[in-house]
$ cat upload-v9.pdb   # PDB, C-alpha atoms, pLDDT in the B column
MODEL        1
ATOM      1  CA  LEU A   1      -3.905 -49.707 161.023  1.00 60.00           C
ATOM      2  CA  ALA A   2      -2.233 -52.432 159.076  1.00 59.00           C
ATOM      3  CA  ASP A   3      -1.982 -55.841 160.678  1.00 63.00           C
ATOM      4  CA  PRO A   4       1.760 -56.607 160.932  1.00 63.00           C
ATOM      5  CA  ASP A   5       1.067 -60.325 161.394  1.00 66.00           C
ATOM      6  CA  SER A   6      -0.422 -60.848 157.958  1.00 67.00           C
ATOM      7  CA  SER A   7       1.291 -60.484 154.626  1.00 69.00           C
ATOM      8  CA  CYS A   8       0.305 -58.095 151.907  1.00 66.00           C
ATOM      9  CA  GLU A   9       1.439 -57.588 148.342  1.00 69.00           C
ATOM     10  CA  ALA A  10       3.015 -54.174 149.004  1.00 68.00           C
ATOM     11  CA  ARG A  11       3.827 -51.871 151.870  1.00 62.00           C
ATOM     12  CA  PHE A  12       4.451 -48.168 151.631  1.00 69.00           C
ATOM     13  CA  GLN A  13       7.975 -47.064 152.439  1.00 68.00           C
ATOM     14  CA  THR A  14       7.942 -44.849 155.527  1.00 69.00           C
ATOM     15  CA  THR A  15      10.403 -43.302 157.893  1.00 69.00           C
ATOM     16  CA  GLN A  16       9.261 -42.208 161.313  1.00 74.00           C
ATOM     17  CA  PRO A  17      10.954 -39.443 163.349  1.00 77.00           C
ATOM     18  CA  ALA A  18      11.439 -41.902 166.180  1.00 81.00           C
ATOM     19  CA  GLN A  19      13.597 -44.053 163.889  1.00 80.00           C
ATOM     20  CA  ALA A  20      16.091 -41.225 163.393  1.00 81.00           C
ATOM     21  CA  LEU A  21      16.169 -40.499 167.119  1.00 84.00           C
ATOM     22  CA  ALA A  22      16.753 -44.173 167.863  1.00 84.00           C
ATOM     23  CA  MET A  23      19.669 -44.183 165.440  1.00 87.00           C
ATOM     24  CA  LEU A  24      21.256 -41.214 167.188  1.00 89.00           C
ATOM     25  CA  ASN A  25      20.430 -42.020 170.807  1.00 90.00           C
ATOM     26  CA  GLY A  26      19.951 -45.777 170.896  1.00 91.00           C
ATOM     27  CA  ARG A  27      22.318 -47.880 172.959  1.00 94.00           C
ATOM     28  CA  PHE A  28      23.005 -50.407 170.180  1.00 95.00           C
ATOM     29  CA  VAL A  29      24.012 -47.853 167.540  1.00 95.00           C
ATOM     30  CA  ASN A  30      26.183 -45.962 170.032  1.00 96.00           C
ATOM     31  CA  GLN A  31      27.894 -49.225 171.028  1.00 97.00           C
ATOM     32  CA  GLN A  32      28.511 -50.018 167.362  1.00 97.00           C
ATOM     33  CA  ALA A  33      29.919 -46.517 166.781  1.00 97.00           C
ATOM     34  CA  ALA A  34      32.306 -46.960 169.737  1.00 98.00           C
ATOM     35  CA  ALA A  35      33.393 -50.371 168.421  1.00 98.00           C
ATOM     36  CA  PHE A  36      33.897 -48.869 164.961  1.00 98.00           C
ATOM     37  CA  ALA A  37      36.013 -46.069 166.464  1.00 98.00           C
ATOM     38  CA  GLN A  38      38.095 -48.614 168.360  1.00 98.00           C
ATOM     39  CA  ARG A  39      38.705 -50.492 165.111  1.00 98.00           C
ATOM     40  CA  LEU A  40      39.803 -47.253 163.424  1.00 98.00           C
ATOM     41  CA  ARG A  41      42.245 -46.517 166.241  1.00 97.00           C
ATOM     42  CA  ARG A  42      43.708 -49.991 165.864  1.00 98.00           C
ATOM     43  CA  GLU A  43      43.868 -50.066 162.057  1.00 98.00           C
ATOM     44  CA  ALA A  44      44.545 -46.425 161.099  1.00 97.00           C
ATOM     45  CA  GLY A  45      46.851 -45.344 163.915  1.00 95.00           C
ATOM     46  CA  ASP A  46      46.939 -41.913 165.529  1.00 95.00           C
ATOM     47  CA  ASP A  47      46.550 -39.766 162.414  1.00 97.00           C
ATOM     48  CA  ARG A  48      43.083 -38.182 162.485  1.00 96.00           C
ATOM     49  CA  GLU A  49      42.897 -37.795 158.700  1.00 97.00           C
ATOM     50  CA  ALA A  50      43.921 -41.425 158.161  1.00 98.00           C
ATOM     51  CA  ARG A  51      41.169 -42.514 160.561  1.00 98.00           C
ATOM     52  CA  ILE A  52      38.565 -40.482 158.680  1.00 98.00           C
ATOM     53  CA  ARG A  53      39.683 -41.844 155.315  1.00 98.00           C
ATOM     54  CA  HIS A  54      39.611 -45.409 156.628  1.00 98.00           C
ATOM     55  CA  ALA A  55      36.192 -44.869 158.223  1.00 98.00           C
ATOM     56  CA  ILE A  56      34.705 -43.641 154.958  1.00 98.00           C
ATOM     57  CA  ARG A  57      36.169 -46.603 153.068  1.00 98.00           C
ATOM     58  CA  LEU A  58      34.749 -49.077 155.584  1.00 97.00           C
ATOM     59  CA  ALA A  59      31.339 -47.518 156.233  1.00 96.00           C
ATOM     60  CA  LEU A  60      30.479 -46.131 152.814  1.00 96.00           C
ATOM     61  CA  CYS A  61      32.462 -48.516 150.581  1.00 95.00           C
ATOM     62  CA  ARG A  62      33.983 -45.733 148.511  1.00 96.00           C
ATOM     63  CA  GLU A  63      37.163 -43.750 148.337  1.00 97.00           C
ATOM     64  CA  PRO A  64      36.897 -40.584 150.426  1.00 97.00           C
ATOM     65  CA  ASP A  65      36.846 -37.314 148.534  1.00 97.00           C
ATOM     66  CA  ALA A  66      38.554 -34.189 149.827  1.00 98.00           C
ATOM     67  CA  ALA A  67      35.260 -32.565 150.884  1.00 97.00           C
ATOM     68  CA  SER A  68      34.241 -35.579 153.003  1.00 97.00           C
ATOM     69  CA  VAL A  69      37.608 -35.653 154.730  1.00 98.00           C
ATOM     70  CA  HIS A  70      37.510 -31.893 155.322  1.00 98.00           C
ATOM     71  CA  ARG A  71      33.999 -32.113 156.859  1.00 97.00           C
ATOM     72  CA  GLY A  72      35.087 -34.985 159.087  1.00 97.00           C
ATOM     73  CA  LEU A  73      38.126 -33.095 160.300  1.00 97.00           C
ATOM     74  CA  ALA A  74      36.020 -29.976 160.933  1.00 98.00           C
ATOM     75  CA  LEU A  75      33.453 -31.985 162.903  1.00 97.00           C
ATOM     76  CA  MET A  76      36.069 -33.616 165.090  1.00 97.00           C
ATOM     77  CA  ARG A  77      37.842 -30.293 165.655  1.00 97.00           C
ATOM     78  CA  SER A  78      34.522 -28.683 166.610  1.00 97.00           C
ATOM     79  CA  LEU A  79      33.669 -31.494 169.012  1.00 97.00           C
ATOM     80  CA  GLN A  80      36.988 -31.020 170.771  1.00 97.00           C
ATOM     81  CA  ASP A  81      37.392 -27.238 170.670  1.00 97.00           C
ATOM     82  CA  GLU A  82      33.814 -26.035 171.049  1.00 97.00           C
ATOM     83  CA  HIS A  83      32.165 -28.900 172.910  1.00 97.00           C
ATOM     84  CA  GLY A  84      34.970 -30.065 175.192  1.00 97.00           C
ATOM     85  CA  GLN A  85      35.149 -33.663 174.001  1.00 97.00           C
ATOM     86  CA  ASP A  86      38.433 -35.541 174.121  1.00 97.00           C
ATOM     87  CA  ALA A  87      39.905 -37.058 170.942  1.00 96.00           C
ATOM     88  CA  GLN A  88      38.504 -40.509 171.700  1.00 96.00           C
ATOM     89  CA  ARG A  89      34.943 -39.282 172.226  1.00 97.00           C
ATOM     90  CA  ALA A  90      35.179 -37.042 169.154  1.00 97.00           C
ATOM     91  CA  LEU A  91      36.032 -40.100 167.056  1.00 98.00           C
ATOM     92  CA  ASP A  92      33.142 -42.028 168.633  1.00 98.00           C
ATOM     93  CA  TYR A  93      30.776 -39.215 167.632  1.00 97.00           C
ATOM     94  CA  TYR A  94      32.228 -39.060 164.117  1.00 98.00           C
ATOM     95  CA  CYS A  95      31.561 -42.788 163.738  1.00 98.00           C
ATOM     96  CA  LEU A  96      28.015 -42.276 165.023  1.00 97.00           C
ATOM     97  CA  PHE A  97      27.613 -39.537 162.413  1.00 96.00           C
ATOM     98  CA  LEU A  98      28.781 -41.888 159.633  1.00 97.00           C
ATOM     99  CA  LEU A  99      26.378 -44.612 160.745  1.00 96.00           C
ATOM    100  CA  ASN A 100      23.548 -42.077 160.482  1.00 93.00           C
ATOM    101  CA  THR A 101      24.277 -40.733 157.002  1.00 93.00           C
ATOM    102  CA  ASN A 102      21.820 -41.419 154.214  1.00 88.00           C
ATOM    103  CA  GLU A 103      24.694 -42.902 152.221  1.00 89.00           C
ATOM    104  CA  PHE A 104      25.136 -45.577 154.895  1.00 90.00           C
ATOM    105  CA  LEU A 105      21.454 -46.195 155.664  1.00 84.00           C
ATOM    106  CA  TYR A 106      19.910 -46.325 152.184  1.00 80.00           C
ATOM    107  CA  LEU A 107      20.871 -48.240 149.070  1.00 74.00           C
ATOM    108  CA  ASP A 108      20.328 -46.512 145.731  1.00 70.00           C
TER     109      ASP A 108
ENDMDL
END
$ encode --input "upload-v9.pdb" --output "structure tokens"
Amino acid sequence: LADPDSSCEARFQTTQPAQALAMLNGRFVNQQAAAFAQRLRREAGDDREARIRHAIRLALCREPDAASVHRGLALMRSLQDEHGQDAQRALDYYCLFLLNTNEFLYLD
């Protein structure tokens, strides 16, 4: 195994399965998602679509397209209707989803 205490000229880029699980289940990321959702409630009001549009602008630094907004609305509706989450928790989960997208995690 590589010695993490010494430097080397190059390291291979790797992603471990545990990293993805930590991003979904870790306390820190879930706290950040809840804080992000709270900010959306404060800044975008009660309109679910406005919250999704604002979230995409903040997290992904781009204007939301219709497909992204539609998927966000469908996810939140599914969380509430099929999984019994209230509107607040559905928004928390949507924010967690955004913080776990490749578009948020990786720079091109």
$ atom_distance --input "upload-v9.pdb" --atom1 "atom CA of Ala34 of chain A" --atom2 "atom CA of Leu99 of chain A"
11.0 Å
$ resolve_selection --input "upload-v9.pdb" --expression "the PyMOL selection byres ((chain A and resi 18-21) around 12)" --output "MDAnalysis selection string"
chainID A and resid 14:17 22:27 29:30 97 99:102 105
$ residues_around --input "upload-v9.pdb" --residues "segment 66-68 of chain A" --least-positions-apart "4" --cutoff "12 Å" --atoms "all atoms listed in the file" --output "list of chain:residue names"
A:Glu49, A:Ile52, A:Arg53, A:His54, A:Ala55, A:Ile56, A:Arg57, A:Leu60, A:Arg62, A:Gly72, A:Leu73, A:Ala74, A:Leu75, A:Tyr94, A:Leu98, A:Thr101
$ resolve_selection --input "upload-v9.pdb" --expression "the PyMOL selection byres ((chain A and resi 91) around 9)" --output "list in words"
Ala33, Ala34, Ala37, Gln38, Leu40, Arg41, Arg48, Arg51, Ile52, Met76, Asp86, Ala87, Gln88, Arg89, Ala90, Asp92, Tyr93, Tyr94, Cys95 and Leu96 of chain A
$ atom_distance --input "upload-v9.pdb" --atom1 "atom CA of Ala35 of chain A" --atom2 "atom CA of Leu107 of chain A"
23.1 Å
$ atom_distance --input "upload-v9.pdb" --atom1 "atom CA of Gln32 of chain A" --atom2 "atom CA of Asp65 of chain A"
24.2 Å
$ closest_residue --input "upload-v9.pdb" --among "A:Cys61, A:Arg71, A:Glu82, A:Arg77" --to "Glu103 of chain A" --atoms "only C-alpha atoms"
A:Cys61
$ closest_residue --input "upload-v9.pdb" --among "A:Arg42, A:Phe104, A:Ala50, A:Gln85" --to "Val69 of chain A" --atoms "all atoms listed in the file"
A:Ala50
$ decode --input "upload-v9.pdb" --residues "segment 43-59 of chain A" --atoms "all heavy atoms" --output "PDB file, in the first residue's frame"
ATOM      1  N   GLU A  43     -35.192  31.739   1.545  1.00  0.00           N
ATOM      2  CA  GLU A  43     -34.939  32.597   0.394  1.00  0.00           C
ATOM      3  C   GLU A  43     -35.918  32.409  -0.758  1.00  0.00           C
ATOM      4  O   GLU A  43     -36.127  33.342  -1.533  1.00  0.00           O
ATOM      5  CB  GLU A  43     -33.509  32.380  -0.112  1.00  0.00           C
ATOM      6  CG  GLU A  43     -32.462  32.841   0.867  1.00  0.00           C
ATOM      7  CD  GLU A  43     -31.042  32.595   0.399  1.00  0.00           C
ATOM      8  OE1 GLU A  43     -30.838  32.130  -0.746  1.00  0.00           O
ATOM      9  OE2 GLU A  43     -30.115  32.871   1.189  1.00  0.00           O
ATOM     10  N   ALA A  44     -36.499  31.221  -0.906  1.00  0.00           N
ATOM     11  CA  ALA A  44     -37.366  30.948  -2.061  1.00  0.00           C
ATOM     12  C   ALA A  44     -38.843  30.857  -1.697  1.00  0.00           C
ATOM     13  O   ALA A  44     -39.672  30.648  -2.573  1.00  0.00           O
ATOM     14  CB  ALA A  44     -36.915  29.672  -2.764  1.00  0.00           C
ATOM     15  N   GLY A  45     -39.173  30.969  -0.432  1.00  0.00           N
ATOM     16  CA  GLY A  45     -40.573  30.942  -0.028  1.00  0.00           C
ATOM     17  C   GLY A  45     -41.174  29.548  -0.037  1.00  0.00           C
ATOM     18  O   GLY A  45     -40.472  28.549   0.053  1.00  0.00           O
ATOM     19  N   ASP A  46     -42.498  29.497  -0.182  1.00  0.00           N
ATOM     20  CA  ASP A  46     -43.230  28.237  -0.066  1.00  0.00           C
ATOM     21  C   ASP A  46     -43.425  27.500  -1.383  1.00  0.00           C
ATOM     22  O   ASP A  46     -43.899  26.370  -1.381  1.00  0.00           O
ATOM     23  CB  ASP A  46     -44.611  28.489   0.555  1.00  0.00           C
ATOM     24  CG  ASP A  46     -44.507  28.924   2.009  1.00  0.00           C
ATOM     25  OD1 ASP A  46     -43.525  28.535   2.673  1.00  0.00           O
ATOM     26  OD2 ASP A  46     -45.400  29.665   2.464  1.00  0.00           O
ATOM     27  N   ASP A  47     -43.106  28.130  -2.491  1.00  0.00           N
ATOM     28  CA  ASP A  47     -43.304  27.511  -3.798  1.00  0.00           C
ATOM     29  C   ASP A  47     -42.243  26.439  -4.046  1.00  0.00           C
ATOM     30  O   ASP A  47     -41.048  26.729  -4.086  1.00  0.00           O
ATOM     31  CB  ASP A  47     -43.242  28.578  -4.887  1.00  0.00           C
ATOM     32  CG  ASP A  47     -43.491  28.051  -6.283  1.00  0.00           C
ATOM     33  OD1 ASP A  47     -43.871  26.862  -6.430  1.00  0.00           O
ATOM     34  OD2 ASP A  47     -43.293  28.820  -7.237  1.00  0.00           O
ATOM     35  N   ARG A  48     -42.683  25.205  -4.204  1.00  0.00           N
ATOM     36  CA  ARG A  48     -41.766  24.069  -4.372  1.00  0.00           C
ATOM     37  C   ARG A  48     -40.894  24.238  -5.614  1.00  0.00           C
ATOM     38  O   ARG A  48     -39.694  23.980  -5.576  1.00  0.00           O
ATOM     39  CB  ARG A  48     -42.563  22.774  -4.453  1.00  0.00           C
ATOM     40  CG  ARG A  48     -41.695  21.547  -4.403  1.00  0.00           C
ATOM     41  CD  ARG A  48     -42.458  20.280  -4.562  1.00  0.00           C
ATOM     42  NE  ARG A  48     -43.609  20.191  -3.685  1.00  0.00           N
ATOM     43  CZ  ARG A  48     -44.312  19.105  -3.487  1.00  0.00           C
ATOM     44  NH1 ARG A  48     -44.006  17.993  -4.101  1.00  0.00           N
ATOM     45  NH2 ARG A  48     -45.341  19.103  -2.680  1.00  0.00           N
ATOM     46  N   GLU A  49     -41.480  24.671  -6.717  1.00  0.00           N
ATOM     47  CA  GLU A  49     -40.706  24.852  -7.946  1.00  0.00           C
ATOM     48  C   GLU A  49     -39.661  25.953  -7.778  1.00  0.00           C
ATOM     49  O   GLU A  49     -38.522  25.818  -8.234  1.00  0.00           O
ATOM     50  CB  GLU A  49     -41.622  25.167  -9.126  1.00  0.00           C
ATOM     51  CG  GLU A  49     -40.868  25.259 -10.435  1.00  0.00           C
ATOM     52  CD  GLU A  49     -41.764  25.417 -11.640  1.00  0.00           C
ATOM     53  OE1 GLU A  49     -42.947  25.023 -11.584  1.00  0.00           O
ATOM     54  OE2 GLU A  49     -41.270  25.939 -12.653  1.00  0.00           O
ATOM     55  N   ALA A  50     -40.019  27.031  -7.118  1.00  0.00           N
ATOM     56  CA  ALA A  50     -39.067  28.119  -6.870  1.00  0.00           C
ATOM     57  C   ALA A  50     -37.903  27.627  -6.009  1.00  0.00           C
ATOM     58  O   ALA A  50     -36.745  28.000  -6.242  1.00  0.00           O
ATOM     59  CB  ALA A  50     -39.765  29.296  -6.195  1.00  0.00           C
ATOM     60  N   ARG A  51     -38.197  26.781  -5.033  1.00  0.00           N
ATOM     61  CA  ARG A  51     -37.130  26.218  -4.196  1.00  0.00           C
ATOM     62  C   ARG A  51     -36.181  25.364  -5.017  1.00  0.00           C
ATOM     63  O   ARG A  51     -34.968  25.440  -4.853  1.00  0.00           O
ATOM     64  CB  ARG A  51     -37.738  25.384  -3.071  1.00  0.00           C
ATOM     65  CG  ARG A  51     -38.420  26.181  -2.001  1.00  0.00           C
ATOM     66  CD  ARG A  51     -39.073  25.282  -0.988  1.00  0.00           C
ATOM     67  NE  ARG A  51     -39.676  26.047   0.097  1.00  0.00           N
ATOM     68  CZ  ARG A  51     -40.361  25.504   1.072  1.00  0.00           C
ATOM     69  NH1 ARG A  51     -40.551  24.200   1.132  1.00  0.00           N
ATOM     70  NH2 ARG A  51     -40.870  26.263   2.016  1.00  0.00           N
ATOM     71  N   ILE A  52     -36.744  24.540  -5.899  1.00  0.00           N
ATOM     72  CA  ILE A  52     -35.897  23.672  -6.734  1.00  0.00           C
ATOM     73  C   ILE A  52     -35.033  24.512  -7.666  1.00  0.00           C
ATOM     74  O   ILE A  52     -33.834  24.257  -7.807  1.00  0.00           O
ATOM     75  CB  ILE A  52     -36.768  22.663  -7.496  1.00  0.00           C
ATOM     76  CG1 ILE A  52     -37.336  21.629  -6.514  1.00  0.00           C
ATOM     77  CG2 ILE A  52     -35.980  21.979  -8.617  1.00  0.00           C
ATOM     78  CD1 ILE A  52     -38.355  20.703  -7.103  1.00  0.00           C
ATOM     79  N   ARG A  53     -35.626  25.504  -8.290  1.00  0.00           N
ATOM     80  CA  ARG A  53     -34.846  26.374  -9.189  1.00  0.00           C
ATOM     81  C   ARG A  53     -33.718  27.075  -8.432  1.00  0.00           C
ATOM     82  O   ARG A  53     -32.587  27.147  -8.902  1.00  0.00           O
ATOM     83  CB  ARG A  53     -35.762  27.399  -9.858  1.00  0.00           C
ATOM     84  CG  ARG A  53     -36.699  26.803 -10.874  1.00  0.00           C
ATOM     85  CD  ARG A  53     -37.551  27.879 -11.567  1.00  0.00           C
ATOM     86  NE  ARG A  53     -38.359  27.268 -12.589  1.00  0.00           N
ATOM     87  CZ  ARG A  53     -37.924  26.916 -13.787  1.00  0.00           C
ATOM     88  NH1 ARG A  53     -36.665  27.116 -14.098  1.00  0.00           N
ATOM     89  NH2 ARG A  53     -38.719  26.351 -14.665  1.00  0.00           N
ATOM     90  N   HIS A  54     -34.025  27.585  -7.261  1.00  0.00           N
ATOM     91  CA  HIS A  54     -33.017  28.278  -6.457  1.00  0.00           C
ATOM     92  C   HIS A  54     -31.921  27.308  -6.005  1.00  0.00           C
ATOM     93  O   HIS A  54     -30.735  27.643  -6.027  1.00  0.00           O
ATOM     94  CB  HIS A  54     -33.698  28.944  -5.259  1.00  0.00           C
ATOM     95  CG  HIS A  54     -32.844  29.919  -4.538  1.00  0.00           C
ATOM     96  ND1 HIS A  54     -32.131  30.930  -5.158  1.00  0.00           N
ATOM     97  CD2 HIS A  54     -32.576  30.056  -3.212  1.00  0.00           C
ATOM     98  CE1 HIS A  54     -31.470  31.624  -4.260  1.00  0.00           C
ATOM     99  NE2 HIS A  54     -31.720  31.114  -3.064  1.00  0.00           N
ATOM    100  N   ALA A  55     -32.318  26.100  -5.636  1.00  0.00           N
ATOM    101  CA  ALA A  55     -31.343  25.091  -5.205  1.00  0.00           C
ATOM    102  C   ALA A  55     -30.372  24.755  -6.327  1.00  0.00           C
ATOM    103  O   ALA A  55     -29.157  24.646  -6.095  1.00  0.00           O
ATOM    104  CB  ALA A  55     -32.069  23.830  -4.748  1.00  0.00           C
ATOM    105  N   ILE A  56     -30.878  24.588  -7.522  1.00  0.00           N
ATOM    106  CA  ILE A  56     -30.008  24.267  -8.657  1.00  0.00           C
ATOM    107  C   ILE A  56     -29.051  25.420  -8.936  1.00  0.00           C
ATOM    108  O   ILE A  56     -27.859  25.215  -9.175  1.00  0.00           O
ATOM    109  CB  ILE A  56     -30.846  23.898  -9.894  1.00  0.00           C
ATOM    110  CG1 ILE A  56     -31.562  22.566  -9.646  1.00  0.00           C
ATOM    111  CG2 ILE A  56     -29.977  23.824 -11.150  1.00  0.00           C
ATOM    112  CD1 ILE A  56     -32.597  22.201 -10.684  1.00  0.00           C
ATOM    113  N   ARG A  57     -29.565  26.648  -8.876  1.00  0.00           N
ATOM    114  CA  ARG A  57     -28.685  27.809  -9.094  1.00  0.00           C
ATOM    115  C   ARG A  57     -27.564  27.857  -8.056  1.00  0.00           C
ATOM    116  O   ARG A  57     -26.405  28.103  -8.387  1.00  0.00           O
ATOM    117  CB  ARG A  57     -29.492  29.101  -9.021  1.00  0.00           C
ATOM    118  CG  ARG A  57     -30.284  29.396 -10.252  1.00  0.00           C
ATOM    119  CD  ARG A  57     -30.931  30.795 -10.165  1.00  0.00           C
ATOM    120  NE  ARG A  57     -32.033  30.857 -11.085  1.00  0.00           N
ATOM    121  CZ  ARG A  57     -33.312  30.744 -10.733  1.00  0.00           C
ATOM    122  NH1 ARG A  57     -33.666  30.582  -9.466  1.00  0.00           N
ATOM    123  NH2 ARG A  57     -34.254  30.808 -11.642  1.00  0.00           N
ATOM    124  N   LEU A  58     -27.907  27.619  -6.797  1.00  0.00           N
ATOM    125  CA  LEU A  58     -26.907  27.699  -5.732  1.00  0.00           C
ATOM    126  C   LEU A  58     -25.917  26.534  -5.761  1.00  0.00           C
ATOM    127  O   LEU A  58     -24.708  26.734  -5.647  1.00  0.00           O
ATOM    128  CB  LEU A  58     -27.592  27.756  -4.363  1.00  0.00           C
ATOM    129  CG  LEU A  58     -28.371  29.018  -4.045  1.00  0.00           C
ATOM    130  CD1 LEU A  58     -29.139  28.843  -2.740  1.00  0.00           C
ATOM    131  CD2 LEU A  58     -27.456  30.226  -3.982  1.00  0.00           C
ATOM    132  N   ALA A  59     -26.428  25.319  -5.894  1.00  0.00           N
ATOM    133  CA  ALA A  59     -25.573  24.136  -5.776  1.00  0.00           C
ATOM    134  C   ALA A  59     -24.774  23.863  -7.044  1.00  0.00           C
ATOM    135  O   ALA A  59     -23.615  23.453  -6.967  1.00  0.00           O
ATOM    136  CB  ALA A  59     -26.406  22.908  -5.429  1.00  0.00           C
TER     137      ALA A  59
END
